[in-house]
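Trainee: This one is coords_2.pdb, PDB, C-alpha atoms, pLDDT in the B column.
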ATOM      1  CA  MET A   2     103.531 118.400  85.264  1.00 58.00           C
ATOM      2  CA  SER A   3     106.421 115.962  85.333  1.00 82.00           C
ATOM      3  CA  LYS A   4     106.310 112.834  83.205  1.00 88.00           C
ATOM      4  CA  LEU A   5     107.714 109.563  84.415  1.00 92.00           C
ATOM      5  CA  ILE A   6     107.797 106.169  82.694  1.00 95.00           C
ATOM      6  CA  PHE A   7     106.955 102.961  84.515  1.00 96.00           C
ATOM      7  CA  PHE A   8     108.804 100.328  82.501  1.00 96.00           C
ATOM      8  CA  SER A   9     106.066  97.694  82.395  1.00 94.00           C
ATOM      9  CA  PHE A  10     103.254  96.241  80.293  1.00 92.00           C
ATOM     10  CA  ASN A  11     101.859  94.331  83.307  1.00 88.00           C
ATOM     11  CA  GLN A  12      98.328  95.663  83.894  1.00 88.00           C
ATOM     12  CA  ASN A  13      98.170  94.397  87.503  1.00 82.00           C
ATOM     13  CA  LYS A  14     101.410  96.170  88.406  1.00 86.00           C
ATOM     14  CA  ILE A  15     100.394  99.315  86.497  1.00 90.00           C
ATOM     15  CA  GLN A  16      97.150  99.586  88.506  1.00 86.00           C
ATOM     16  CA  GLU A  17      99.017  99.208  91.819  1.00 83.00           C
ATOM     17  CA  VAL A  18     101.603 101.792  90.770  1.00 89.00           C
ATOM     18  CA  LYS A  19      99.064 104.376  89.599  1.00 86.00           C
ATOM     19  CA  LYS A  20      97.003 104.034  92.796  1.00 85.00           C
ATOM     20  CA  ILE A  21      99.992 104.579  95.067  1.00 85.00           C
ATOM     21  CA  LEU A  22     101.829 107.235  93.033  1.00 85.00           C
ATOM     22  CA  ASN A  23      98.680 109.214  92.421  1.00 78.00           C
ATOM     23  CA  TYR A  24      99.363 112.905  92.894  1.00 68.00           C
ATOM     24  CA  ASN A  25      98.823 115.925  90.706  1.00 67.00           C
ATOM     25  CA  LYS A  26     102.399 116.885  89.802  1.00 73.00           C
ATOM     26  CA  LEU A  27     103.059 113.551  88.142  1.00 81.00           C
ATOM     27  CA  LYS A  28     101.920 111.913  84.919  1.00 88.00           C
ATOM     28  CA  ILE A  29     102.858 108.235  84.727  1.00 92.00           C
ATOM     29  CA  LEU A  30     103.363 106.719  81.299  1.00 94.00           C
ATOM     30  CA  THR A  31     103.844 102.979  80.776  1.00 94.00           C
ATOM     31  CA  LEU A  32     105.217 100.863  77.946  1.00 94.00           C
ATOM     32  CA  ASN A  33     101.658 100.746  76.576  1.00 93.00           C
ATOM     33  CA  ASN A  34     102.120 104.424  75.613  1.00 92.00           C
ATOM     34  CA  PHE A  35     104.952 103.617  73.195  1.00 90.00           C
ATOM     35  CA  PRO A  36     105.296 101.658  69.943  1.00 88.00           C
ATOM     36  CA  LYS A  37     106.497  98.052  70.323  1.00 86.00           C
ATOM     37  CA  PHE A  38     110.248  97.567  70.799  1.00 85.00           C
ATOM     38  CA  ASN A  39     112.604  94.814  71.913  1.00 87.00           C
ATOM     39  CA  GLU A  40     112.938  94.800  75.685  1.00 88.00           C
ATOM     40  CA  PRO A  41     116.366  94.355  77.273  1.00 93.00           C
ATOM     41  CA  LYS A  42     117.425  90.947  78.569  1.00 91.00           C
ATOM     42  CA  GLU A  43     116.991  90.677  82.329  1.00 90.00           C
ATOM     43  CA  ASP A  44     120.186  88.784  83.077  1.00 91.00           C
ATOM     44  CA  GLY A  45     121.104  90.337  86.431  1.00 94.00           C
ATOM     45  CA  ASN A  46     121.866  88.269  89.529  1.00 94.00           C
ATOM     46  CA  SER A  47     119.620  90.209  91.904  1.00 96.00           C
ATOM     47  CA  PHE A  48     116.314  92.085  92.008  1.00 96.00           C
ATOM     48  CA  SER A  49     118.163  95.412  91.934  1.00 97.00           C
ATOM     49  CA  GLU A  50     120.362  94.464  88.946  1.00 97.00           C
ATOM     50  CA  ASN A  51     117.313  93.454  86.892  1.00 97.00           C
ATOM     51  CA  ALA A  52     115.386  96.592  87.847  1.00 97.00           C
ATOM     52  CA  ILE A  53     118.387  98.780  86.919  1.00 97.00           C
ATOM     53  CA  ILE A  54     118.741  97.046  83.515  1.00 97.00           C
ATOM     54  CA  LYS A  55     115.148  98.050  82.707  1.00 97.00           C
ATOM     55  CA  SER A  56     115.140 101.586  84.143  1.00 97.00           C
ATOM     56  CA  THR A  57     118.417 102.623  82.471  1.00 97.00           C
ATOM     57  CA  PHE A  58     117.260 101.115  79.150  1.00 97.00           C
ATOM     58  CA  GLY A  59     113.973 103.053  79.376  1.00 96.00           C
ATOM     59  CA  PHE A  60     115.740 106.308  80.223  1.00 97.00           C
ATOM     60  CA  LYS A  61     118.130 105.974  77.259  1.00 96.00           C
ATOM     61  CA  LYS A  62     115.413 104.904  74.818  1.00 95.00           C
ATOM     62  CA  PHE A  63     112.758 107.496  75.665  1.00 94.00           C
ATOM     63  CA  GLY A  64     114.766 110.344  77.221  1.00 94.00           C
ATOM     64  CA  LEU A  65     112.494 110.580  80.278  1.00 94.00           C
ATOM     65  CA  SER A  66     113.016 109.594  83.897  1.00 94.00           C
ATOM     66  CA  CYS A  67     112.122 105.937  84.129  1.00 97.00           C
ATOM     67  CA  PHE A  68     111.471 103.473  86.919  1.00 97.00           C
ATOM     68  CA  ALA A  69     111.205  99.699  86.819  1.00 97.00           C
ATOM     69  CA  ASP A  70     110.590  97.011  89.357  1.00 95.00           C
ATOM     70  CA  ASP A  71     111.754  93.472  89.777  1.00 95.00           C
ATOM     71  CA  SER A  72     109.832  91.322  92.198  1.00 94.00           C
ATOM     72  CA  GLY A  73     109.672  87.747  93.332  1.00 95.00           C
ATOM     73  CA  ILE A  74     108.977  85.294  96.090  1.00 97.00           C
ATOM     74  CA  CYS A  75     111.742  83.577  98.049  1.00 98.00           C
ATOM     75  CA  ILE A  76     110.688  80.325  99.717  1.00 98.00           C
ATOM     76  CA  SER A  77     112.801  78.793 102.493  1.00 97.00           C
ATOM     77  CA  ALA A  78     111.835  75.185 101.691  1.00 97.00           C
ATOM     78  CA  ILE A  79     113.312  75.494  98.200  1.00 96.00           C
ATOM     79  CA  ASN A  80     116.506  77.379  99.166  1.00 95.00           C
ATOM     80  CA  ASN A  81     114.970  80.857  98.807  1.00 96.00           C
ATOM     81  CA  LYS A  82     114.026  80.134  95.228  1.00 95.00           C
ATOM     82  CA  PRO A  83     112.489  81.059  92.810  1.00 96.00           C
ATOM     83  CA  GLY A  84     113.527  84.651  93.704  1.00 95.00           C
ATOM     84  CA  ILE A  85     114.447  86.634  90.607  1.00 95.00           C
ATOM     85  CA  LYS A  86     113.257  83.722  88.450  1.00 94.00           C
ATOM     86  CA  SER A  87     109.730  83.701  89.926  1.00 93.00           C
ATOM     87  CA  LYS A  88     107.950  84.268  86.608  1.00 88.00           C
ATOM     88  CA  ARG A  89     110.127  81.755  84.746  1.00 91.00           C
ATOM     89  CA  PHE A  90     109.608  79.173  87.527  1.00 94.00           C
ATOM     90  CA  LEU A  91     105.828  79.312  86.950  1.00 91.00           C
ATOM     91  CA  GLU A  92     106.310  78.716  83.235  1.00 91.00           C
ATOM     92  CA  GLN A  93     108.851  75.912  83.710  1.00 93.00           C
ATOM     93  CA  LYS A  94     106.708  74.018  86.233  1.00 92.00           C
ATOM     94  CA  GLY A  95     103.629  74.122  84.026  1.00 91.00           C
ATOM     95  CA  GLY A  96     101.519  76.983  85.380  1.00 91.00           C
ATOM     96  CA  LEU A  97     100.061  78.113  88.692  1.00 92.00           C
ATOM     97  CA  LYS A  98      98.295  74.936  89.849  1.00 93.00           C
ATOM     98  CA  LYS A  99     101.305  72.640  89.382  1.00 95.00           C
ATOM     99  CA  THR A 100     103.739  75.199  90.800  1.00 96.00           C
ATOM    100  CA  PHE A 101     101.625  75.708  93.920  1.00 96.00           C
ATOM    101  CA  GLU A 102     101.478  71.920  94.472  1.00 96.00           C
ATOM    102  CA  ILE A 103     105.271  71.612  94.204  1.00 96.00           C
ATOM    103  CA  ILE A 104     105.866  74.503  96.644  1.00 97.00           C
ATOM    104  CA  ILE A 105     103.242  73.429  99.213  1.00 97.00           C
ATOM    105  CA  ASN A 106     104.382  69.777  99.159  1.00 97.00           C
ATOM    106  CA  GLU A 107     107.992  70.811  99.664  1.00 97.00           C
ATOM    107  CA  ALA A 108     107.072  73.176 102.524  1.00 97.00           C
ATOM    108  CA  LYS A 109     105.094  70.367 104.215  1.00 97.00           C
ATOM    109  CA  ARG A 110     107.891  67.842 103.671  1.00 97.00           C
ATOM    110  CA  LYS A 111     110.480  70.130 105.238  1.00 97.00           C
ATOM    111  CA  LYS A 112     108.010  71.531 107.809  1.00 97.00           C
ATOM    112  CA  ASN A 113     109.215  74.954 106.762  1.00 98.00           C
ATOM    113  CA  PHE A 114     106.579  77.406 105.507  1.00 98.00           C
ATOM    114  CA  ASN A 115     108.694  80.582 105.742  1.00 98.00           C
ATOM    115  CA  ALA A 116     108.816  82.840 102.708  1.00 98.00           C
ATOM    116  CA  TYR A 117     109.182  86.479 101.767  1.00 98.00           C
ATOM    117  CA  PHE A 118     108.222  88.652  98.841  1.00 97.00           C
ATOM    118  CA  GLN A 119     110.649  91.293  97.615  1.00 97.00           C
ATOM    119  CA  THR A 120     110.353  94.210  95.229  1.00 96.00           C
ATOM    120  CA  THR A 121     113.217  96.441  94.214  1.00 98.00           C
ATOM    121  CA  ILE A 122     112.387  99.562  92.221  1.00 98.00           C
ATOM    122  CA  ALA A 123     115.124 101.338  90.287  1.00 98.00           C
ATOM    123  CA  LEU A 124     114.571 104.969  89.275  1.00 97.00           C
ATOM    124  CA  THR A 125     116.866 106.439  86.614  1.00 97.00           C
ATOM    125  CA  ILE A 126     116.695 110.244  86.534  1.00 94.00           C
ATOM    126  CA  ALA A 127     119.872 110.989  84.565  1.00 91.00           C
ATOM    127  CA  GLU A 128     122.798 109.253  82.878  1.00 90.00           C
ATOM    128  CA  ASN A 129     124.631 107.359  85.657  1.00 90.00           C
ATOM    129  CA  ASN A 130     122.056 108.445  88.243  1.00 95.00           C
ATOM    130  CA  THR A 131     119.878 105.538  89.402  1.00 97.00           C
ATOM    131  CA  ILE A 132     118.400 105.126  92.889  1.00 97.00           C
ATOM    132  CA  CYS A 133     116.918 101.886  94.265  1.00 98.00           C
ATOM    133  CA  PHE A 134     114.023 101.451  96.699  1.00 98.00           C
ATOM    134  CA  GLU A 135     113.318  98.134  98.364  1.00 98.00           C
ATOM    135  CA  GLY A 136     110.251  96.504  99.883  1.00 97.00           C
ATOM    136  CA  ILE A 137     110.261  93.159 101.705  1.00 98.00           C
ATOM    137  CA  VAL A 138     107.317  91.397 103.335  1.00 98.00           C
ATOM    138  CA  LYS A 139     107.926  88.256 105.367  1.00 98.00           C
ATOM    139  CA  GLY A 140     105.268  85.615 105.714  1.00 98.00           C
ATOM    140  CA  LYS A 141     104.273  81.994 105.326  1.00 98.00           C
ATOM    141  CA  ILE A 142     103.227  79.665 102.528  1.00 98.00           C
ATOM    142  CA  SER A 143      99.582  78.644 102.999  1.00 97.00           C
ATOM    143  CA  LYS A 144      98.698  74.946 103.105  1.00 96.00           C
ATOM    144  CA  LYS A 145      96.485  75.377 100.044  1.00 96.00           C
ATOM    145  CA  PRO A 146      95.865  78.173  97.507  1.00 96.00           C
ATOM    146  CA  LEU A 147      93.278  80.646  98.836  1.00 96.00           C
ATOM    147  CA  GLY A 148      91.549  83.638  97.267  1.00 95.00           C
ATOM    148  CA  LYS A 149      90.704  84.835  93.795  1.00 90.00           C
ATOM    149  CA  GLY A 150      92.429  88.247  93.745  1.00 83.00           C
ATOM    150  CA  GLY A 151      95.990  89.280  93.024  1.00 78.00           C
ATOM    151  CA  PHE A 152      98.246  87.493  90.584  1.00 82.00           C
ATOM    152  CA  HIS A 153     101.062  84.943  90.365  1.00 89.00           C
ATOM    153  CA  TYR A 154     101.968  83.622  93.836  1.00 95.00           C
ATOM    154  CA  ASP A 155      99.414  85.711  95.767  1.00 95.00           C
ATOM    155  CA  PRO A 156      97.065  82.759  96.591  1.00 96.00           C
ATOM    156  CA  ILE A 157      99.750  80.906  98.580  1.00 97.00           C
ATOM    157  CA  PHE A 158     101.396  83.768 100.516  1.00 97.00           C
ATOM    158  CA  ILE A 159     100.163  84.892 103.940  1.00 98.00           C
ATOM    159  CA  PRO A 160     102.015  88.018 105.181  1.00 97.00           C
ATOM    160  CA  ASN A 161     103.070  88.012 108.834  1.00 97.00           C
ATOM    161  CA  GLY A 162     100.490  89.677 111.065  1.00 95.00           C
ATOM    162  CA  THR A 163      97.535  88.671 108.863  1.00 95.00           C
ATOM    163  CA  LYS A 164      95.463  85.534 108.394  1.00 95.00           C
ATOM    164  CA  LYS A 165      94.717  86.103 104.714  1.00 96.00           C
ATOM    165  CA  THR A 166      96.716  85.371 101.593  1.00 96.00           C
ATOM    166  CA  TYR A 167      97.410  88.339  99.313  1.00 95.00           C
ATOM    167  CA  ALA A 168      94.772  86.872  96.947  1.00 95.00           C
ATOM    168  CA  GLN A 169      92.075  87.006  99.678  1.00 96.00           C
ATOM    169  CA  MET A 170      92.659  90.710 100.260  1.00 95.00           C
ATOM    170  CA  LEU A 171      90.892  93.601  98.594  1.00 91.00           C
ATOM    171  CA  ASN A 172      93.255  95.684  96.430  1.00 84.00           C
ATOM    172  CA  GLU A 173      93.113  98.467  99.034  1.00 85.00           C
ATOM    173  CA  GLU A 174      94.206  96.055 101.799  1.00 90.00           C
ATOM    174  CA  LYS A 175      97.044  94.606  99.753  1.00 89.00           C
ATOM    175  CA  ASN A 176      98.204  98.069  98.663  1.00 84.00           C
ATOM    176  CA  GLN A 177      98.626  99.085 102.297  1.00 87.00           C
ATOM    177  CA  ILE A 178     101.014  96.275 103.215  1.00 91.00           C
ATOM    178  CA  SER A 179     102.507  94.691 100.087  1.00 91.00           C
ATOM    179  CA  HIS A 180     106.207  94.528  99.223  1.00 94.00           C
ATOM    180  CA  ARG A 181     105.536  96.622  96.115  1.00 91.00           C
ATOM    181  CA  ALA A 182     103.606  99.201  98.160  1.00 91.00           C
ATOM    182  CA  ILE A 183     106.526  99.551 100.605  1.00 95.00           C
ATOM    183  CA  ALA A 184     108.978 100.180  97.748  1.00 96.00           C
ATOM    184  CA  LEU A 185     106.525 102.481  95.931  1.00 94.00           C
ATOM    185  CA  ASN A 186     105.892 104.587  99.018  1.00 93.00           C
ATOM    186  CA  LYS A 187     109.649 105.098  99.390  1.00 96.00           C
ATOM    187  CA  LEU A 188     109.763 106.111  95.714  1.00 95.00           C
ATOM    188  CA  LYS A 189     106.778 108.451  96.184  1.00 91.00           C
ATOM    189  CA  GLU A 190     108.447 110.206  99.104  1.00 92.00           C
ATOM    190  CA  PHE A 191     111.595 110.702  97.006  1.00 92.00           C
ATOM    191  CA  LEU A 192     109.635 112.038  94.007  1.00 88.00           C
ATOM    192  CA  GLU A 193     107.615 114.478  96.102  1.00 84.00           C
ATOM    193  CA  LYS A 194     110.850 115.994  97.427  1.00 84.00           C
ATOM    194  CA  LEU A 195     112.397 115.974  93.940  1.00 79.00           C
ATOM    195  CA  PHE A 196     109.482 117.820  92.298  1.00 72.00           C
ATOM    196  CA  LYS A 197     109.172 120.384  95.095  1.00 70.00           C
ATOM    197  CA  GLN A 198     112.529 121.799  94.079  1.00 52.00           C
TER
END
Just dump the structure as structure tokens.

Mentor:
Amino acid sequence: MSKLIFFSFNQNKIQEVKKILNYNKLKILTLNNFPKFNEPKEDGNSFSENAIIKSTFGFKKFGLSCFADDSGICISAINNKPGIKSKRFLEQKGGLKKTFEIIINEAKRKKNFNAYFQTTIALTIAENNTICFEGIVKGKISKKPLGKGGFHYDPIFIPNGTKKTYAQMLNEEKNQISHRAIALNKLKEFLEKLFKQ
């Protein structure tokens, strides 16, 4: 069985990853399987740069193939921000409730509710050998937060083609259409070919 590290402590992400990458030739470890260490600084200028910083660090530190994701929401009304700073934006604006108010008010003011979620996953399988997989889901900002599921910006994002926010969906529903699921399914396809060899 091949071992692979998912470079994350985030329990929500870990659950999504394990559900989608669930097949018998693969054992997924996470950062919870290792003693505490200082994580690298995510100072890239794009989702892919930040994901690569983490996956290459994990590969060098633990000597196993490692993948990492960087995800965020890009909102038209605020110049496609917060993007790669999505998590920091929540902290800076004082938590979910205040952040949602700021975003929704700005979308209403500009009459522009367009947004998209992006995930880029970087997989490092050898020194100087990293492959990226991307998932993008376009949608709209809802006029108020809806739903109790998901995490972070899920209650205010309605993917195109649906009437529900991510947070109103069951995990199974979200895992069929989410930006992370798209990127993970591309990764899964790659890994299945890799481990057949």

Trainee: Just how far from atom CA of Ser3 of chain A is atom CA of Asp70 of chain A, in Å to one decimal?

Mentor: 19.8 Å

Trainee: Please identify every residue of segment 68-111 of chain A that has at least one atom no farther than 12 Å from an atom of segment 124-140 of chain A, counting only C-alpha atoms, and for each give the shortest atom pair and the distance in Å to one decimal, arranged by chain then increasing number, as CSV.

Mentor:
residue,atom,partner,partner_atom,distance
A:Phe68,CA,A:Leu124,CA,4.2
A:Ala69,CA,A:Leu124,CA,6.7
A:Asp70,CA,A:Leu124,CA,8.9
A:Asp71,CA,A:Glu135,CA,9.9
A:Ser72,CA,A:Gly136,CA,9.3
A:Gly73,CA,A:Ile137,CA,10.0
A:Ile74,CA,A:Val138,CA,9.6
A:Cys75,CA,A:Lys139,CA,9.5
A:Ile76,CA,A:Gly140,CA,9.7
A:Ser77,CA,A:Gly140,CA,10.7

Trainee: For segment 51-60 of chain A, please output as an NGL selection string all residues within 7 Å (counting only C-alpha atoms; exclusion window: fewer than 3 positions along the same chain).

Mentor: :A and (8 or 41 or 43-45 or 47-48 or 63-71 or 121-125)

Trainee: Would you save the residues from that selection as a PDB file, in the frame of the given file, using C-alpha atoms?

Mentor:
ATOM      1  CA  PHE A   8     108.804 100.328  82.501  1.00 96.00           C
ATOM      2  CA  PRO A  41     116.366  94.355  77.273  1.00 93.00           C
ATOM      3  CA  GLU A  43     116.991  90.677  82.329  1.00 90.00           C
ATOM      4  CA  ASP A  44     120.186  88.784  83.077  1.00 91.00           C
ATOM      5  CA  GLY A  45     121.104  90.337  86.431  1.00 94.00           C
ATOM      6  CA  SER A  47     119.620  90.209  91.904  1.00 96.00           C
ATOM      7  CA  PHE A  48     116.314  92.085  92.008  1.00 96.00           C
ATOM      8  CA  PHE A  63     112.758 107.496  75.665  1.00 94.00           C
ATOM      9  CA  GLY A  64     114.766 110.344  77.221  1.00 94.00           C
ATOM     10  CA  LEU A  65     112.494 110.580  80.278  1.00 94.00           C
ATOM     11  CA  SER A  66     113.016 109.594  83.897  1.00 94.00           C
ATOM     12  CA  CYS A  67     112.122 105.937  84.129  1.00 97.00           C
ATOM     13  CA  PHE A  68     111.471 103.473  86.919  1.00 97.00           C
ATOM     14  CA  ALA A  69     111.205  99.699  86.819  1.00 97.00           C
ATOM     15  CA  ASP A  70     110.590  97.011  89.357  1.00 95.00           C
ATOM     16  CA  ASP A  71     111.754  93.472  89.777  1.00 95.00           C
ATOM     17  CA  THR A 121     113.217  96.441  94.214  1.00 98.00           C
ATOM     18  CA  ILE A 122     112.387  99.562  92.221  1.00 98.00           C
ATOM     19  CA  ALA A 123     115.124 101.338  90.287  1.00 98.00           C
ATOM     20  CA  LEU A 124     114.571 104.969  89.275  1.00 97.00           C
ATOM     21  CA  THR A 125     116.866 106.439  86.614  1.00 97.00           C
TER      22      THR A 125
END

Trainee: Kindly give the distance, in Å, that separates atom CA of Lys144 of chain A and atom CA of Asn13 of chain A, rounded to a single decimal.

Mentor: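 Between atom CA of Lys144 of chain A and atom CA of Asn13 of chain A the gap is 24.9 Å.
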
Trainee: Kindly give the distance, in Å, that separates atom CA of Asp155 of chain A and atom CA of Tyr167 of chain A, rounded to a single decimal.

Mentor: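 One can read the atom CA of Asp155 of chain A to atom CA of Tyr167 of chain A distance as 4.8 Å.
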
Trainee: Pick the closest to Leu22 of chain A from A:Ala182, A:Ala116, A:Leu195, A:Leu147: which is it, counting only C-alpha atoms?

Mentor: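 Smallest distance to Leu22 of chain A is found for A:Ala182.
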
Trainee: Given only C-alpha atoms as the basis, pick out the residue of A:Asn23, A:Asn81, A:Asn11, A:Thr100 nearest to Lys189 of chain A.

Mentor: A:Asn23

Trainee: Of the candidates A:Lys4, A:Lys187, A:Arg181, A:Lys149, which shows the shortest atom-to-atom distance to Thr166 of chain A, using only C-alpha atoms?

Mentor: A:Lys149

Trainee: Nearest to Ile183 of chain A among A:Glu17, A:Gln12, A:Lys42, A:Ala78, with distances taken over all atoms listed in the file: which residue is it?

Mentor: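 Selected residue with least distance to Ile183 of chain A: A:Glu17.
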
Trainee: Report as lines of an AutoDock Vina configuration file the centre and the edge lengths, in Å to one decimal, of the axis-aligned box holding every listed atom of segment 34-42 of chain A, padded by 4 Å on each side.

Mentor:
center_x = 109.8
center_y = 97.7
center_z = 74.3
size_x = 23.3
size_y = 21.5
size_z = 16.6

Trainee: Quick check on the file I pasted: which residues fall under the PyMOL selection byres ((chain A and resi 88-97) around 12)? Write them as a list of chain:residue names.

Mentor: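 That selection, the PyMOL selection byres ((chain A and resi 88-97) around 12), comes back as A:Glu43, A:Asp71, A:Ser72, A:Gly73, A:Ile74, A:Cys75, A:Ile79, A:Lys82, A:Pro83, A:Gly84, A:Ile85, A:Lys86, A:Ser87, A:Lys98, A:Lys99, A:Thr100, A:Phe101, A:Glu102, A:Ile103, A:Ile104, A:Ile105, A:Pro146, A:Phe152, A:His153, A:Tyr154, A:Asp155, A:Pro156, A:Ile157.
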
Trainee: If the PyMOL selection byres ((chain A and resi 31) around 7) were run on this exact file, what residues would it hold? Put them as an NGL selection string.

Mentor: :A and (6-10 or 29-30 or 32-34)

Trainee: Just the selected residues (C-alpha atoms), exported as a compact mmCIF listing (two decimals), in the frame of the given file, please.

Mentor:
# COMPACT_ATOMS: atom_id res chain seq x y z
CA ILE A 6 107.80 106.17 82.69
CA PHE A 7 106.96 102.96 84.52
CA PHE A 8 108.80 100.33 82.50
CA SER A 9 106.07 97.69 82.40
CA PHE A 10 103.25 96.24 80.29
CA ILE A 29 102.86 108.24 84.73
CA LEU A 30 103.36 106.72 81.30
CA LEU A 32 105.22 100.86 77.95
CA ASN A 33 101.66 100.75 76.58
CA ASN A 34 102.12 104.42 75.61

Trainee: Go through A:Ala108, A:Ala168, A:Ala184, A:Ile178 and flag the residue nearest Ser49 of chain A, using only C-alpha atoms for the distances.

Mentor: A:Ala184

Trainee: Smallest atom-to-atom distance to His180 of chain A: which of A:Lys145, A:Phe118, A:Val18, A:Lys197, using all atoms listed in the file?

Mentor: A:Phe118

Trainee: Just so the selection is clear, what residues does the PyMOL selection byres ((chain A and resi 173) around 12) cover here, as a PyMOL selection string?

Mentor: chain A and resi 16-17+20-21+150-151+167-172+174-179+182
